[in-house]
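Take a look at the structure set out below.
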Amino acid sequence: MMFEQDISEALKTLRDGGIILYPTDTIWGLGCDATNNEAVKKIFRIKERDESRSLLILVNGEMMLERYVNGVPETAFELISVTDSPLTIIYPRGKNLADGVCSSDGSVGIRICNDEFCNQLISRFRKPIVSTSANFSGKASPSIFDEIDEDLIKSADYVVTHRQNDRRKQTASPVIKLNPDGTIKIIRK
């Protein structure tokens, strides 16, 4: 019951241009509609983050990935098919996304989410969702809900209750960058 209520309230918030605080397939994140310029600006303000630092987004599969990346390299599909844990890939050219989601060079960090809650949310929203760690810029990323700063919690328009009591310590995903020439660079292990 609470799971479905969380999905409904989070969807309403995203559609209204609001900010959600939610559990992902890795750590807790602040999220918004990745195609909404005003919502993305709110994320930067809440996190007190420099707008020159791009944001990661979550999608629910390869079809959605292709709608937001200009020419997905074949290497990406190979990596996605062999990984069994969350993996963030930085693609050379993002498209159809709000200002600030892509880096100044046009690249974009995307993770295909394998979490039931996130997948349902993204599938029903039909757009990618920003997923930036639920912390103020420069502070430690929270591995469980109880580690999230109270002021950050208050800044969200909707706080998901699903998994708030989960005490399993989570970590951020590894990040790799796919270069236009097909080479791969490890950004975070």
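Every chain in the structure tokens has a letter given in the order shown (A, B, ...), and although residue numbers restart at 1 in each chain, ligands are simply numbered from 1 in the order shown.
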
- Which neighbours of Asn37 in chain A fall inside 6 Å, counting only C-alpha atoms, when residues of the same chain fewer than 2 positions from it are skipped, and could you give them as a PyMOL selection string? chain A and resi 39-40+98-99

Just N, CA and C atoms for this one: save the residues we selected as a CSV table (one decimal), in the first residue's frame.
chain,number,residue,atom,x,y,z
A,39,ALA,N,12.9,22.8,-12.7
A,39,ALA,CA,13.1,21.7,-11.7
A,39,ALA,C,14.6,21.4,-11.5
A,40,VAL,N,15.4,21.4,-12.6
A,40,VAL,CA,16.8,21.1,-12.5
A,40,VAL,C,17.5,22.3,-11.7
A,98,ALA,N,17.1,18.9,-19.9
A,98,ALA,CA,17.1,20.3,-19.4
A,98,ALA,C,18.6,20.8,-19.3
A,99,ASP,N,18.7,22.1,-19.3
A,99,ASP,CA,20.0,22.8,-19.1
A,99,ASP,C,20.5,22.3,-17.8

- Message: Run DSSP on the backbone and tell me which residues of range 66-110 of chain A come out as strand (DSSP E or B); list them as JSON, numbers by chain.
- Response: {"A": [69, 88, 89, 90, 91, 94, 108, 109, 110]}

Go ahead and save the picked residues with C-alpha atoms, as a CSV table (one decimal), in the first residue's frame.
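Output file selection-v1.csv is given in full below:
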chain,number,residue,atom,x,y,z
A,69,VAL,CA,21.7,10.0,-26.0
A,88,THR,CA,26.8,4.8,-14.5
A,89,ILE,CA,28.0,5.5,-18.0
A,90,ILE,CA,28.9,9.0,-19.3
A,91,TYR,CA,27.9,9.2,-22.9
A,94,GLY,CA,23.1,13.9,-24.5
A,108,VAL,CA,25.7,13.0,-19.9
A,109,GLY,CA,25.9,10.5,-17.1
A,110,ILE,CA,23.1,7.9,-17.2

- Task: Considering only C-alpha atoms, return as an MDAnalysis selection string whatever protein or nucleic-acid residues lie within 12 Å of Met63 in chain A, sequence-local ones (same chain, fewer than 4 positions apart) excluded.
- Result: chainID A and resid 59 67:69 72 77 112 123 126:128

- Task: For range 133-149 of chain A, work out the shell of residues within 9 Å, counting only C-alpha atoms and skipping chain neighbours fewer than 6 positions away, then give it as JSON, numbers by chain.
- Result: {"A": [21, 22, 23, 26, 27, 28, 29, 30, 31, 46, 47, 48, 49, 50, 163, 164, 165, 166, 167, 168, 169, 170, 171, 172]}

With a distance cut-off of 9 Å and only C-alpha atoms, select the neighbouring residues of Arg53 in chain A, excluding the residue or stretch itself and same-chain residues fewer than 5 positions from it, and output the selection as an mmCIF file with all heavy atoms, in the first residue's frame.
data_model
loop_
_atom_site.group_PDB
_atom_site.id
_atom_site.type_symbol
_atom_site.label_atom_id
_atom_site.label_comp_id
_atom_site.auth_asym_id
_atom_site.auth_seq_id
_atom_site.Cartn_x
_atom_site.Cartn_y
_atom_site.Cartn_z
ATOM 1 N N GLY A 100 21.841 22.056 -17.750
ATOM 2 C CA GLY A 100 22.496 21.672 -16.503
ATOM 3 C C GLY A 100 22.591 20.177 -16.292
ATOM 4 O O GLY A 100 23.351 19.723 -15.449
ATOM 5 N N VAL A 101 21.831 19.407 -17.054
ATOM 6 C CA VAL A 101 21.924 17.949 -16.918
ATOM 7 C C VAL A 101 23.181 17.462 -17.626
ATOM 8 O O VAL A 101 23.944 16.663 -17.091
ATOM 9 C CB VAL A 101 20.663 17.236 -17.461
ATOM 10 C CG1 VAL A 101 20.839 15.732 -17.461
ATOM 11 C CG2 VAL A 101 19.442 17.623 -16.620
ATOM 12 N N CYS A 102 23.413 17.962 -18.824
ATOM 13 C CA CYS A 102 24.609 17.599 -19.576
ATOM 14 C C CYS A 102 25.777 18.490 -19.170
ATOM 15 O O CYS A 102 25.579 19.631 -18.751
ATOM 16 C CB CYS A 102 24.368 17.738 -21.081
ATOM 17 S SG CYS A 102 23.125 16.620 -21.728
ATOM 18 N N SER A 103 26.985 17.989 -19.315
ATOM 19 C CA SER A 103 28.194 18.780 -19.062
ATOM 20 C C SER A 103 28.373 19.806 -20.162
ATOM 21 O O SER A 103 27.732 19.727 -21.205
ATOM 22 C CB SER A 103 29.425 17.869 -19.041
ATOM 23 O OG SER A 103 29.384 17.011 -17.943
ATOM 24 N N SER A 104 29.294 20.721 -19.955
ATOM 25 C CA SER A 104 29.565 21.756 -20.952
ATOM 26 C C SER A 104 30.032 21.161 -22.279
ATOM 27 O O SER A 104 29.835 21.756 -23.329
ATOM 28 C CB SER A 104 30.589 22.755 -20.425
ATOM 29 O OG SER A 104 31.780 22.081 -20.071
#
